[in-house]
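What follows is the content of data_17.cif (mmCIF, N, CA and C atoms).
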data_protein
#
loop_
_atom_site.label_atom_id
_atom_site.label_comp_id
_atom_site.auth_asym_id
_atom_site.auth_seq_id
_atom_site.Cartn_x
_atom_site.Cartn_y
_atom_site.Cartn_z
N MET A 1 13.44 15.29 -5.85
CA MET A 1 14.15 14.30 -5.09
C MET A 1 14.64 13.20 -6.01
N LEU A 2 15.83 12.69 -5.76
CA LEU A 2 16.42 11.67 -6.60
C LEU A 2 16.12 10.29 -6.03
N PHE A 3 15.91 9.33 -6.93
CA PHE A 3 15.70 7.95 -6.53
C PHE A 3 16.97 7.19 -6.78
N PRO A 4 17.32 6.14 -6.12
CA PRO A 4 16.60 5.54 -5.01
C PRO A 4 16.82 6.30 -3.70
N ILE A 5 15.90 6.13 -2.80
CA ILE A 5 15.97 6.79 -1.50
C ILE A 5 16.89 5.97 -0.60
N ASP A 6 17.79 6.63 0.09
CA ASP A 6 18.69 5.96 1.02
C ASP A 6 18.18 6.21 2.44
N ILE A 7 18.17 5.17 3.24
CA ILE A 7 17.66 5.28 4.61
C ILE A 7 18.51 6.24 5.44
N GLU A 8 19.77 6.38 5.09
CA GLU A 8 20.66 7.29 5.82
C GLU A 8 20.19 8.74 5.69
N ASP A 9 19.62 9.09 4.54
CA ASP A 9 19.12 10.45 4.32
C ASP A 9 17.88 10.74 5.16
N LEU A 10 17.13 9.68 5.48
CA LEU A 10 15.88 9.84 6.22
C LEU A 10 16.06 9.76 7.73
N LYS A 11 17.20 9.29 8.20
CA LYS A 11 17.41 9.02 9.64
C LYS A 11 17.11 10.20 10.57
N PRO A 12 17.43 11.46 10.19
CA PRO A 12 17.11 12.55 11.13
C PRO A 12 15.62 12.71 11.40
N CYS A 13 14.78 12.19 10.52
CA CYS A 13 13.33 12.35 10.66
C CYS A 13 12.66 11.07 11.17
N ILE A 14 13.45 10.08 11.55
CA ILE A 14 12.90 8.78 11.97
C ILE A 14 13.05 8.61 13.48
N GLN A 15 12.01 8.03 14.08
CA GLN A 15 12.02 7.70 15.51
C GLN A 15 11.61 6.24 15.63
N TYR A 16 12.33 5.47 16.44
CA TYR A 16 12.02 4.06 16.64
C TYR A 16 11.47 3.84 18.04
N ASN A 17 10.46 2.99 18.15
CA ASN A 17 9.92 2.54 19.43
C ASN A 17 9.95 1.02 19.41
N THR A 18 10.31 0.40 20.52
CA THR A 18 10.33 -1.06 20.59
C THR A 18 9.43 -1.52 21.72
N SER A 19 8.92 -2.74 21.55
CA SER A 19 8.09 -3.35 22.59
C SER A 19 8.12 -4.85 22.41
N ARG A 20 7.54 -5.56 23.35
CA ARG A 20 7.47 -7.02 23.24
C ARG A 20 6.48 -7.39 22.15
N SER A 21 6.80 -8.44 21.44
CA SER A 21 5.90 -8.86 20.37
C SER A 21 5.46 -10.29 20.61
N GLY A 22 4.35 -10.64 19.99
CA GLY A 22 3.90 -12.02 20.04
C GLY A 22 4.62 -12.79 18.95
N GLY A 23 4.29 -14.05 18.80
CA GLY A 23 4.87 -14.83 17.72
C GLY A 23 6.17 -15.49 18.12
N SER A 24 7.00 -15.78 17.11
CA SER A 24 8.21 -16.57 17.34
C SER A 24 9.23 -15.80 18.17
N GLY A 25 10.08 -16.51 18.83
CA GLY A 25 11.10 -15.90 19.67
C GLY A 25 11.64 -16.87 20.69
N GLY A 26 10.98 -18.01 20.81
CA GLY A 26 11.46 -19.04 21.74
C GLY A 26 11.42 -18.58 23.17
N GLN A 27 12.52 -18.82 23.90
CA GLN A 27 12.59 -18.49 25.32
C GLN A 27 12.59 -16.98 25.55
N ASN A 28 12.96 -16.21 24.54
CA ASN A 28 13.07 -14.77 24.72
C ASN A 28 11.76 -14.02 24.47
N VAL A 29 10.71 -14.73 24.09
CA VAL A 29 9.50 -14.06 23.62
C VAL A 29 8.91 -13.11 24.66
N ASN A 30 9.02 -13.43 25.94
CA ASN A 30 8.44 -12.56 26.97
C ASN A 30 9.47 -11.67 27.66
N LYS A 31 10.72 -11.73 27.21
CA LYS A 31 11.77 -10.97 27.88
C LYS A 31 12.36 -9.85 27.02
N VAL A 32 12.37 -10.03 25.72
CA VAL A 32 13.10 -9.12 24.83
C VAL A 32 12.12 -8.32 23.98
N ALA A 33 12.38 -7.03 23.86
CA ALA A 33 11.54 -6.15 23.05
C ALA A 33 11.98 -6.24 21.59
N THR A 34 11.31 -7.11 20.81
CA THR A 34 11.71 -7.30 19.42
C THR A 34 10.81 -6.59 18.43
N LYS A 35 9.61 -6.23 18.84
CA LYS A 35 8.69 -5.52 17.94
C LYS A 35 9.22 -4.10 17.73
N VAL A 36 9.28 -3.66 16.47
CA VAL A 36 9.81 -2.34 16.16
C VAL A 36 8.73 -1.52 15.47
N GLU A 37 8.53 -0.31 15.98
CA GLU A 37 7.59 0.64 15.38
C GLU A 37 8.41 1.84 14.91
N LEU A 38 8.28 2.18 13.64
CA LEU A 38 9.01 3.31 13.07
C LEU A 38 8.04 4.46 12.85
N LEU A 39 8.39 5.64 13.30
CA LEU A 39 7.60 6.85 13.06
C LEU A 39 8.45 7.78 12.21
N PHE A 40 7.92 8.14 11.04
CA PHE A 40 8.65 8.99 10.11
C PHE A 40 7.93 10.32 9.97
N ASP A 41 8.61 11.39 10.37
CA ASP A 41 8.03 12.74 10.29
C ASP A 41 8.37 13.32 8.92
N PHE A 42 7.50 13.05 7.95
CA PHE A 42 7.77 13.46 6.57
C PHE A 42 7.66 14.97 6.38
N GLU A 43 6.92 15.65 7.26
CA GLU A 43 6.76 17.10 7.11
C GLU A 43 8.04 17.86 7.47
N LYS A 44 8.86 17.30 8.34
CA LYS A 44 10.11 17.95 8.73
C LYS A 44 11.30 17.48 7.89
N CYS A 45 11.04 16.55 6.97
CA CYS A 45 12.13 15.99 6.17
C CYS A 45 12.50 16.96 5.04
N PRO A 46 13.77 17.38 4.97
CA PRO A 46 14.18 18.35 3.95
C PRO A 46 14.30 17.76 2.55
N LEU A 47 14.22 16.43 2.41
CA LEU A 47 14.35 15.80 1.09
C LEU A 47 13.15 16.03 0.19
N PHE A 48 11.99 16.30 0.78
CA PHE A 48 10.76 16.40 0.01
C PHE A 48 10.31 17.84 -0.11
N ASP A 49 9.81 18.20 -1.29
CA ASP A 49 9.21 19.53 -1.44
C ASP A 49 7.74 19.47 -1.02
N ASP A 50 7.06 20.61 -1.04
CA ASP A 50 5.68 20.67 -0.54
C ASP A 50 4.74 19.76 -1.34
N GLN A 51 4.94 19.70 -2.64
CA GLN A 51 4.07 18.87 -3.48
C GLN A 51 4.25 17.39 -3.14
N GLN A 52 5.48 16.97 -2.93
CA GLN A 52 5.74 15.57 -2.57
C GLN A 52 5.19 15.25 -1.18
N LYS A 53 5.28 16.20 -0.26
CA LYS A 53 4.72 15.98 1.08
C LYS A 53 3.21 15.84 1.01
N LEU A 54 2.58 16.62 0.15
CA LEU A 54 1.13 16.51 -0.03
C LEU A 54 0.77 15.15 -0.62
N ARG A 55 1.54 14.70 -1.61
CA ARG A 55 1.29 13.40 -2.22
C ARG A 55 1.49 12.28 -1.20
N LEU A 56 2.52 12.39 -0.36
CA LEU A 56 2.73 11.40 0.70
C LEU A 56 1.54 11.37 1.65
N TYR A 57 1.07 12.55 2.04
CA TYR A 57 -0.07 12.62 2.96
C TYR A 57 -1.32 12.00 2.34
N GLN A 58 -1.58 12.30 1.07
CA GLN A 58 -2.78 11.78 0.43
C GLN A 58 -2.72 10.27 0.22
N ASN A 59 -1.57 9.76 -0.19
CA ASN A 59 -1.47 8.34 -0.53
C ASN A 59 -1.23 7.43 0.67
N LEU A 60 -0.72 7.98 1.76
CA LEU A 60 -0.44 7.15 2.94
C LEU A 60 -1.30 7.57 4.13
N ARG A 61 -2.46 8.12 3.86
CA ARG A 61 -3.33 8.66 4.90
C ARG A 61 -3.66 7.62 5.98
N GLU A 62 -3.86 6.36 5.59
CA GLU A 62 -4.25 5.34 6.57
C GLU A 62 -3.09 4.96 7.50
N ARG A 63 -1.86 5.30 7.14
CA ARG A 63 -0.71 4.99 7.98
C ARG A 63 -0.24 6.18 8.80
N ILE A 64 -0.89 7.33 8.65
CA ILE A 64 -0.44 8.54 9.33
C ILE A 64 -1.19 8.69 10.65
N GLN A 65 -0.42 8.96 11.71
CA GLN A 65 -1.00 9.14 13.04
C GLN A 65 -1.49 10.56 13.22
N SER A 66 -2.03 10.82 14.40
CA SER A 66 -2.54 12.16 14.71
C SER A 66 -1.41 13.20 14.73
N GLU A 67 -0.17 12.77 15.03
CA GLU A 67 0.96 13.70 15.02
C GLU A 67 1.50 13.92 13.62
N ARG A 68 0.80 13.41 12.62
CA ARG A 68 1.18 13.51 11.20
C ARG A 68 2.54 12.87 10.94
N LYS A 69 2.71 11.68 11.48
CA LYS A 69 3.91 10.88 11.23
C LYS A 69 3.46 9.56 10.62
N ILE A 70 4.24 9.08 9.65
CA ILE A 70 3.94 7.79 9.03
C ILE A 70 4.41 6.69 9.98
N GLN A 71 3.52 5.73 10.23
CA GLN A 71 3.82 4.64 11.16
C GLN A 71 3.97 3.33 10.39
N VAL A 72 5.08 2.63 10.66
CA VAL A 72 5.32 1.31 10.07
C VAL A 72 5.75 0.39 11.21
N VAL A 73 5.16 -0.81 11.27
CA VAL A 73 5.42 -1.74 12.37
C VAL A 73 5.85 -3.09 11.82
N SER A 74 6.78 -3.74 12.51
CA SER A 74 7.16 -5.11 12.17
C SER A 74 7.43 -5.89 13.44
N GLN A 75 6.93 -7.14 13.46
CA GLN A 75 7.22 -8.04 14.57
C GLN A 75 7.43 -9.45 14.05
N GLN A 76 7.75 -9.57 12.76
CA GLN A 76 7.88 -10.90 12.18
C GLN A 76 9.25 -11.53 12.40
N GLY A 77 10.27 -10.73 12.66
CA GLY A 77 11.60 -11.27 12.91
C GLY A 77 11.79 -11.68 14.36
N ARG A 78 12.85 -12.46 14.61
CA ARG A 78 13.13 -12.90 15.98
C ARG A 78 13.97 -11.89 16.75
N THR A 79 14.64 -10.98 16.03
CA THR A 79 15.49 -10.00 16.71
C THR A 79 15.03 -8.59 16.38
N GLN A 80 15.43 -7.68 17.26
CA GLN A 80 15.09 -6.27 17.06
C GLN A 80 15.76 -5.73 15.80
N LEU A 81 17.00 -6.14 15.55
CA LEU A 81 17.74 -5.66 14.38
C LEU A 81 17.06 -6.11 13.08
N THR A 82 16.61 -7.36 13.05
CA THR A 82 15.90 -7.87 11.87
C THR A 82 14.65 -7.05 11.61
N ASN A 83 13.87 -6.82 12.66
CA ASN A 83 12.63 -6.05 12.51
C ASN A 83 12.92 -4.61 12.11
N LYS A 84 14.02 -4.06 12.59
CA LYS A 84 14.39 -2.69 12.24
C LYS A 84 14.69 -2.60 10.74
N LYS A 85 15.41 -3.58 10.22
CA LYS A 85 15.72 -3.60 8.78
C LYS A 85 14.45 -3.78 7.95
N ILE A 86 13.55 -4.64 8.42
CA ILE A 86 12.28 -4.86 7.72
C ILE A 86 11.48 -3.57 7.66
N VAL A 87 11.41 -2.87 8.78
CA VAL A 87 10.65 -1.62 8.87
C VAL A 87 11.25 -0.56 7.95
N GLN A 88 12.57 -0.50 7.88
CA GLN A 88 13.21 0.48 7.00
C GLN A 88 12.90 0.19 5.54
N ARG A 89 12.96 -1.09 5.15
CA ARG A 89 12.63 -1.47 3.77
C ARG A 89 11.18 -1.14 3.45
N LYS A 90 10.28 -1.43 4.41
CA LYS A 90 8.86 -1.12 4.20
C LYS A 90 8.65 0.38 4.00
N LEU A 91 9.31 1.20 4.82
CA LEU A 91 9.17 2.65 4.71
C LEU A 91 9.62 3.14 3.34
N ILE A 92 10.77 2.68 2.89
CA ILE A 92 11.29 3.12 1.60
C ILE A 92 10.34 2.71 0.48
N SER A 93 9.85 1.48 0.51
CA SER A 93 8.93 1.05 -0.55
C SER A 93 7.62 1.82 -0.50
N LEU A 94 7.13 2.15 0.71
CA LEU A 94 5.92 2.97 0.83
C LEU A 94 6.12 4.36 0.24
N ILE A 95 7.26 4.97 0.54
CA ILE A 95 7.54 6.32 0.03
C ILE A 95 7.65 6.31 -1.48
N VAL A 96 8.39 5.33 -2.02
CA VAL A 96 8.56 5.25 -3.48
C VAL A 96 7.23 5.05 -4.17
N SER A 97 6.40 4.14 -3.64
CA SER A 97 5.10 3.89 -4.28
C SER A 97 4.16 5.08 -4.14
N ALA A 98 4.25 5.81 -3.02
CA ALA A 98 3.37 6.96 -2.81
C ALA A 98 3.76 8.14 -3.70
N LEU A 99 5.05 8.27 -4.00
CA LEU A 99 5.51 9.39 -4.82
C LEU A 99 5.42 9.10 -6.32
N LYS A 100 5.19 7.84 -6.67
CA LYS A 100 5.09 7.49 -8.09
C LYS A 100 3.80 8.09 -8.65
N ILE A 101 3.91 8.78 -9.76
CA ILE A 101 2.75 9.42 -10.37
C ILE A 101 2.03 8.38 -11.23
N GLN A 102 0.75 8.20 -10.96
CA GLN A 102 -0.06 7.24 -11.70
C GLN A 102 -0.32 7.75 -13.11
N LYS A 103 -0.22 6.85 -14.09
CA LYS A 103 -0.55 7.23 -15.45
C LYS A 103 -2.06 7.38 -15.55
N GLU A 104 -2.48 8.37 -16.32
CA GLU A 104 -3.90 8.60 -16.47
C GLU A 104 -4.49 7.52 -17.37
N ARG A 105 -5.61 6.98 -16.97
CA ARG A 105 -6.24 5.90 -17.72
C ARG A 105 -6.90 6.46 -18.97
N LYS A 106 -6.64 5.77 -20.08
CA LYS A 106 -7.27 6.16 -21.33
C LYS A 106 -8.54 5.33 -21.48
N PRO A 107 -9.70 5.98 -21.56
CA PRO A 107 -10.93 5.20 -21.71
C PRO A 107 -10.97 4.48 -23.05
N THR A 108 -11.42 3.24 -23.03
CA THR A 108 -11.48 2.44 -24.25
C THR A 108 -12.92 2.17 -24.62
N LYS A 109 -13.14 1.93 -25.91
CA LYS A 109 -14.48 1.60 -26.39
C LYS A 109 -14.53 0.11 -26.70
N ARG A 110 -15.70 -0.47 -26.52
CA ARG A 110 -15.89 -1.86 -26.92
C ARG A 110 -15.87 -1.94 -28.44
N SER A 111 -15.35 -3.03 -28.95
CA SER A 111 -15.32 -3.18 -30.40
C SER A 111 -16.73 -3.46 -30.91
N ARG A 112 -16.95 -3.11 -32.16
CA ARG A 112 -18.28 -3.32 -32.76
C ARG A 112 -18.63 -4.80 -32.76
N ALA A 113 -17.64 -5.66 -33.04
CA ALA A 113 -17.89 -7.10 -33.07
C ALA A 113 -18.33 -7.62 -31.71
N SER A 114 -17.72 -7.12 -30.63
CA SER A 114 -18.09 -7.60 -29.30
C SER A 114 -19.51 -7.16 -28.94
N VAL A 115 -19.89 -5.95 -29.34
CA VAL A 115 -21.25 -5.46 -29.08
C VAL A 115 -22.26 -6.30 -29.86
N GLU A 116 -21.96 -6.56 -31.14
CA GLU A 116 -22.88 -7.37 -31.96
C GLU A 116 -22.99 -8.79 -31.43
N LYS A 117 -21.89 -9.35 -30.98
CA LYS A 117 -21.90 -10.70 -30.42
C LYS A 117 -22.78 -10.76 -29.17
N ARG A 118 -22.66 -9.75 -28.30
CA ARG A 118 -23.47 -9.70 -27.08
C ARG A 118 -24.95 -9.59 -27.43
N LEU A 119 -25.30 -8.74 -28.39
CA LEU A 119 -26.70 -8.57 -28.79
C LEU A 119 -27.25 -9.85 -29.42
N GLU A 120 -26.43 -10.53 -30.22
CA GLU A 120 -26.87 -11.79 -30.84
C GLU A 120 -27.14 -12.85 -29.77
N ASN A 121 -26.29 -12.92 -28.76
CA ASN A 121 -26.51 -13.86 -27.65
C ASN A 121 -27.80 -13.53 -26.91
N LYS A 122 -28.07 -12.22 -26.73
CA LYS A 122 -29.32 -11.81 -26.07
C LYS A 122 -30.52 -12.25 -26.89
N ARG A 123 -30.44 -12.07 -28.21
CA ARG A 123 -31.56 -12.48 -29.08
C ARG A 123 -31.80 -13.98 -28.99
N ARG A 124 -30.73 -14.77 -29.02
CA ARG A 124 -30.86 -16.23 -28.94
C ARG A 124 -31.51 -16.65 -27.63
N LYS A 125 -31.03 -16.08 -26.52
CA LYS A 125 -31.60 -16.41 -25.20
C LYS A 125 -33.08 -16.04 -25.15
N SER A 126 -33.40 -14.89 -25.72
CA SER A 126 -34.78 -14.43 -25.73
C SER A 126 -35.67 -15.40 -26.51
N LEU A 127 -35.21 -15.80 -27.70
CA LEU A 127 -35.98 -16.74 -28.51
C LEU A 127 -36.14 -18.08 -27.79
N LEU A 128 -35.09 -18.53 -27.14
CA LEU A 128 -35.13 -19.79 -26.41
C LEU A 128 -36.21 -19.74 -25.33
N LYS A 129 -36.26 -18.63 -24.61
CA LYS A 129 -37.25 -18.49 -23.54
C LYS A 129 -38.66 -18.34 -24.09
N ILE A 130 -38.78 -17.65 -25.22
CA ILE A 130 -40.10 -17.51 -25.85
C ILE A 130 -40.61 -18.87 -26.31
N ASN A 131 -39.73 -19.70 -26.87
CA ASN A 131 -40.11 -21.03 -27.35
C ASN A 131 -40.46 -21.98 -26.21
N ARG A 132 -40.01 -21.72 -25.01
CA ARG A 132 -40.34 -22.57 -23.85
C ARG A 132 -41.76 -22.33 -23.35
N ARG A 133 -42.31 -21.19 -23.68
CA ARG A 133 -43.64 -20.85 -23.16
C ARG A 133 -44.69 -21.84 -23.68
N ILE A 134 -45.63 -22.13 -22.81
CA ILE A 134 -46.75 -22.99 -23.18
C ILE A 134 -47.91 -22.10 -23.56
N GLU A 135 -48.36 -22.27 -24.78
CA GLU A 135 -49.47 -21.44 -25.24
C GLU A 135 -50.78 -22.17 -24.98
N GLU A 136 -51.76 -21.43 -24.51
CA GLU A 136 -53.06 -22.03 -24.20
C GLU A 136 -54.07 -21.72 -25.26
#
Could you render the structure as structure tokens?
Amino acid sequence: MLFPIDIEDLKPCIQYNTSRSGGSGGQNVNKVATKVELLFDFEKCPLFDDQQKLRLYQNLRERIQSERKIQVVSQQGRTQLTNKKIVQRKLISLIVSALKIQKERKPTKRSRASVEKRLENKRRKSLLKINRRIEE
């Protein structure tokens, strides 16, 4: 799959649900459905191969519903259109970050000087505590 991902390519696999949201909205807060929930069916999306679908499933497991759709919600905007755009941006950033392959961590060793410094500090603390003891 080529980057960047365009939302137009994903539209056949996207479903939107709207509902009333809390928060800002003024007089319209109890009348207008501004909260937007996006459901993305990544398994039916032809843009991704099987390996990418597996990576999406593994990395976005906490956002996947029982129907195996990725769920993204926004209610921070005052209008449905604003929240729809926010949800689309969130989905694209989630997909890009989930498909990014993590670099393997190279284990590092502590330097000899840092180990010696730590041991010297331990010796000093030990001597300090030994010298505090009251001998009878």
task: as a count of residues only, list the residues of chain A assigned to strand (DSSP E or B) by DSSP on the backbone atoms of this structure.
output: 18
field: Matched chain/residue IDs from the PyMOL selection byres (((chain A and resi 58-60 and name CA) around 12) and name CA), as a PyMOL selection string
entry: chain A and resi 40+42+51-57+61-65+68-72+91+93-102
- prompt: Which residues match the PyMOL selection byres ((chain A and resi 77) around 8) in the file above, as a PyMOL selection string?
  reply: chain A and resi 23-25+34-35+74-76+78-84+86
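CA of Arg132 in chain A lies 19.5 Å from atom N of Glu120 in chain A.
You will find CA of Leu47 in chain A at 26.1 Å from CA of Thr18 in chain A.
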message: Going by DSSP on the backbone, which residues of chain A come out as helix (DSSP H, G or I)? List them as number ranges by chain.
response: A: 7-13, 26-28, 42-44, 50-59, 61-63, 80-99, 112-132
